[in-house]
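The next block holds one structure in the form of structure tokens; read it before the comments.
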Amino acid sequence: MKKFLAQSYIWIVLILLYSPLIFIAVFSFTESRVLGNWTGFSLKLYENLFSGGMNGSSSLMSAVKNTFIIAVIAASLSTILGTIAAIGIFNLRGRRKQTMQFLNNIPMLNPDVITGVSLFLLFVFLGFSQGYVTVILAHISFCTPYVVLSVLPRLTQLNPNTYEAALDLGATPSQALFKVLIPQLRPGMISGFFLAFTMSLDDFAVTFFTRGTIGLDTLSTYIYTDARKGGLTPELRPLMTLIFLIILVLLIILNVHQARQIKKQKKNEKISKYSAGSGFSHRLSRRS
Amino acid sequence: MANQDVIIDIRHLSKSYGDKKVLDDINFQIRKGEFITLLGPSGCGKTTTLRIIAGFVEASDGEVLLEGSDISGIPPYKRPFNTVFQRYALFPHLDVYDNVAFGLKLRNLPEERIDQLVRRALKLVSMSDYESRDVDSLSGGQQQRVAIARALVNKPQVLLLDEPLAALDLKMRKDMQMELKEMHEKIGITFIYVTHDQEEALTLSDTIVVMNEGRIQQIGTPTEIYNEPQNEFVADFIGESNILNGTMVCDRKVNFIEHEFECVDEGFGENTPVDVVIRPEDIYIMSKLEGAQFTATVKSCTFKGVHYQMFVDTDKGYELMVQDYNAFEVGSTVGLFIKPFDIQVMRKPRTCNSFEGEIIDSTHVWILGESFECRETSLEPGTKVKVDVEFDKIDLQDHQEEGTVDGEVHFILYKGNHYHLTILTAHGDHIYVDTQDIWDKGDLVGINIAPEDLIITECND
């Protein structure tokens, strides 16, 4: 009985978490304009989405395009910026290091609305015309701390002597950075990039405040305005289903890759343990 | 004046981190082709010295000359040195071949030349079959070989080795020692080797530089260092030894463990207090008592493989360590004998504690950063004084709060019938204490001195 309760608990949690997604996915295969009405199986909505046979389909597609362009640019730039920042923070000592880490954590805990409003005020104050550039800058500013956070642990694991070894072998500091440090940080940078990418992808508040009035829409702002105009465009259902599937596949690839690497590492450790030769270890004792 | 053979000349090298001085006026020269070892306990400054030579650390003071010219301003990647790091520091994202080729590729050598050199270097360290292996899949010994090949392939003028064998187990360490020595003979370049393992240093080196607390204690060949240690630290750190208080009666005659021995040392003056070092294998032990210089009772006897190690109590109550091929029964009385040239006599660095201080009032004196009660004195407050305290007149307390000053047990020397401790106070002063009590290194203690034991003399300068 106890076991049954424990098992059903996890299923209840999973159902609560995933039922909205499944609901949307299921109803993406019917034509009804109103969500929740099953009017028979149909791929019409998918067809509409790709052929453009719907009202305002061009603005939806451009919103999707904007979302991905912004996410790719913001994630790439924050990966570069965050990695450099992480190396800098790692090399600080004592109180200064703690302070920098603390400052890095604040933007992540700060509510998005506040980040959005303050960036909006900043751009107005500086006289920036708001649009693509301001949205990208804003996204970089809230994505970078996540990259820092995923690169820092990699740096801690690094053998600190490898950088010195590179210098010792004749590499200039910048050669040492690109040939030795960055390749070792790559896994951290990749997971930082994906974190930044998904953060940017689903951001609403910050984008809403920094997109200006030129009519720039990302997926989240498009859906927001669309919903206010009177019900969601039904073609959003297949779109969301597809985006969810893409993210799911990416996550699976990333996880499988990581699992393989861990396995490889373990195997290597095993090999070196066995090839270490005689397992005897003596210690000379001294009288003290 | 400048010796043609000298490749590296280290002059007045000092390094401080904040208030902490880790190197204090280091001077030594390294000859071309020499295998020189920097030897000392952890924290003695040996690695810092190596890192200054490599260029990773900047000296606070002093200079490093390479063939006569100062290289202090030259970054590590332009110095003709290569380093083998303590934990190998191989590049985990590259395979064995690319690790070794790293330095050559940076120099833009033609592909075929790189290939040729890498293969030759891997052959030198017997790792030819491992070219495409992941470095993480290698054992410690194999990684170390790759690290050596990676350094040597660049044909450095000097190879720097920072405790390269410390992570290996004993048997592998011994094999690698022999290989390193052969490699050194084969390629003929200068090796600068850092280790805390005295046996390794004795085995490998042409010259040993013994360091402690940022200072050089002794420079010499392995035999010089072992047979003629210049101070207590070297005698205690290198090998096993009996270190005893003695008195130089006159030339060629020394008194210790309350017996008079003939020795070969001269020029100490008459009745001069000295330290005497006798290696445990230099004490002859026999069961017959006639012909012995003194007798003793065997207290313990342990088999050590090649020899037995025994602790004996002499007729006058001193404990000595003796090593012999034969075992002697515990409790039996034995005769002992020491040959004159096996007795190493060292001048004492000090015969009592000597502190600089200042009179506070008629019954108090300021020393060691605290006020101490002293015998009534007629000296004016503010007078600069020298305060002497005998080694055995310092009282150590278990609890720091019970002492006027607190400190830490820093160095322990057993002198046959008592311990000679060096205490480092919170203010950075050294206090030397003779005691019968057993303390451990690192113990925190409180320090008291009775008023009548402070011997105050006015400073005349």
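By convention in this document, the chains of the structure tokens carry letters A, B, ... by their order, each chain's residues are numbered from 1, and ligands are numbered from 1 in the order they are shown.
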
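Contacts from chain B to chain A at a cut-off of 6 Å (only C-alpha atoms) map to Pro76, Tyr77, Asn82, Ala89, Gly103, Asp136, Ser137, Leu138, Ser139, Asp169 and Leu170 of chain B.
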
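Neighbouring residues of range 143-150 of chain A at 6 Å or closer, counting only C-alpha atoms and skipping chain neighbours under 5 positions away, are Ser78, Thr79, Gly82, Ala86, Asn104, Gly188, Gly192 and Ala196 of chain A.
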
For the residues in the current selection, export N, CA and C atoms as a CSV table (one decimal), in the first residue's frame.
chain,number,residue,atom,x,y,z
A,78,SER,N,26.2,36.1,-25.1
A,78,SER,CA,26.4,35.9,-23.6
A,78,SER,C,27.3,34.8,-23.3
A,79,THR,N,27.4,33.8,-24.2
A,79,THR,CA,28.4,32.7,-23.9
A,79,THR,C,29.8,33.3,-23.9
A,82,GLY,N,30.1,35.7,-20.9
A,82,GLY,CA,30.0,35.0,-19.6
A,82,GLY,C,31.2,34.2,-19.3
A,86,ALA,N,33.6,34.6,-16.3
A,86,ALA,CA,33.9,33.5,-15.3
A,86,ALA,C,35.4,33.3,-15.1
A,104,ASN,N,26.9,38.6,-9.6
A,104,ASN,CA,26.4,37.8,-10.7
A,104,ASN,C,25.1,37.1,-10.4
A,188,GLY,N,31.1,23.3,-20.4
A,188,GLY,CA,30.4,24.3,-19.6
A,188,GLY,C,29.8,25.4,-20.5
A,192,GLY,N,26.0,26.3,-20.9
A,192,GLY,CA,25.6,27.7,-20.7
A,192,GLY,C,24.9,28.3,-21.9
A,196,ALA,N,21.1,29.8,-21.8
A,196,ALA,CA,20.8,31.2,-22.3
A,196,ALA,C,19.8,31.2,-23.4

message = as a PyMOL selection string, please: the residues near range 145-161 of chain B (cut-off 8 Å, only C-alpha atoms, same-chain neighbours under 6 positions excluded).
response = (chain A and resi 169) or (chain B and resi 50+54+80-86+88-90+96+99-104+117-118+121-122+124-127+189-194)

Please produce a file of the residues just selected, as a short mmCIF file (atom, residue, chain, number, x, y, z; two decimals), in the first residue's frame, where the atoms kept are C-alpha atoms.
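The new file again.cif reads:
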data_model
loop_
_atom_site.label_atom_id
_atom_site.label_comp_id
_atom_site.auth_asym_id
_atom_site.auth_seq_id
_atom_site.Cartn_x
_atom_site.Cartn_y
_atom_site.Cartn_z
CA LEU A 169 55.69 25.29 -23.89
CA LEU B 50 61.39 26.90 -9.19
CA ALA B 54 60.26 29.26 -14.78
CA PRO B 80 64.43 28.41 -22.87
CA PHE B 81 63.16 26.24 -20.01
CA ASN B 82 60.48 23.60 -19.88
CA THR B 83 58.71 22.27 -16.84
CA VAL B 84 57.41 18.89 -15.72
CA PHE B 85 54.60 19.71 -13.32
CA GLN B 86 53.75 17.94 -10.11
CA TYR B 88 51.56 16.30 -14.89
CA ALA B 89 49.26 19.06 -16.23
CA LEU B 90 48.71 17.22 -19.49
CA VAL B 96 49.33 11.76 -26.29
CA ASN B 99 50.26 16.83 -26.13
CA VAL B 100 53.87 16.21 -27.06
CA ALA B 101 53.55 18.13 -30.33
CA PHE B 102 51.99 21.17 -28.63
CA GLY B 103 55.17 23.20 -28.25
CA LEU B 104 56.50 22.28 -31.69
CA LEU B 117 60.66 14.87 -33.13
CA VAL B 118 57.48 13.67 -31.38
CA ALA B 121 60.64 11.98 -27.74
CA LEU B 122 58.02 9.29 -27.15
CA LEU B 124 62.97 8.26 -25.28
CA VAL B 125 60.33 7.79 -22.59
CA SER B 126 59.26 4.36 -23.95
CA MET B 127 55.75 5.49 -24.86
CA ILE B 189 71.02 19.21 -20.20
CA THR B 190 70.61 20.87 -16.82
CA PHE B 191 67.91 19.44 -14.54
CA ILE B 192 66.48 21.46 -11.66
CA TYR B 193 64.52 19.09 -9.47
CA VAL B 194 62.24 19.92 -6.57
#

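Residues surrounding Glu329 in chain B within 12 Å are Ile285, Met286, Ser287, Thr297, Val298, Lys299, Ser300, Cys301, Thr302, Tyr308, Gln309, Met310, Phe311, Val312 and Val334 of chain B [only C-alpha atoms; sequence separation below 5 positions excluded].
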
Include C-alpha atoms and write out the residues we just selected as a compact mmCIF listing (two decimals), in the first residue's frame.
# COMPACT_ATOMS: atom_id res chain seq x y z
CA ILE B 285 77.21 -2.53 18.86
CA MET B 286 78.58 -5.74 20.40
CA SER B 287 77.66 -8.11 23.13
CA THR B 297 70.70 -1.57 27.63
CA VAL B 298 68.73 -2.53 24.55
CA LYS B 299 65.25 -1.07 24.86
CA SER B 300 63.69 -2.10 21.57
CA CYS B 301 64.71 -3.96 18.45
CA THR B 302 62.84 -3.77 15.14
CA TYR B 308 67.72 -4.07 12.68
CA GLN B 309 66.91 -0.74 14.28
CA MET B 310 67.45 -0.60 18.01
CA PHE B 311 66.92 2.00 20.68
CA VAL B 312 69.35 1.70 23.56
CA VAL B 334 75.69 -4.22 25.12

So which residues touch range 45-52 of chain A within 7 Å, counting only C-alpha atoms, skipping near sequence neighbours fewer than 3 positions away, as a short mmCIF file (atom, residue, chain, number, x, y, z; two decimals) with C-alpha atoms, in the first residue's frame?
data_model
loop_
_atom_site.label_atom_id
_atom_site.label_comp_id
_atom_site.auth_asym_id
_atom_site.auth_seq_id
_atom_site.Cartn_x
_atom_site.Cartn_y
_atom_site.Cartn_z
CA SER A 28 -3.45 20.49 -32.35
CA GLU A 31 -9.83 21.84 -36.68
CA SER A 57 0.10 33.98 -40.53
CA SER A 58 2.94 36.18 -41.79
CA GLU A 235 -2.54 27.54 -35.40
CA PRO A 238 0.60 22.94 -33.63
#

query = So how far away is CA of Pro234 in chain A from CA of Val34 in chain A, in Å?
reply = 7.4 Å
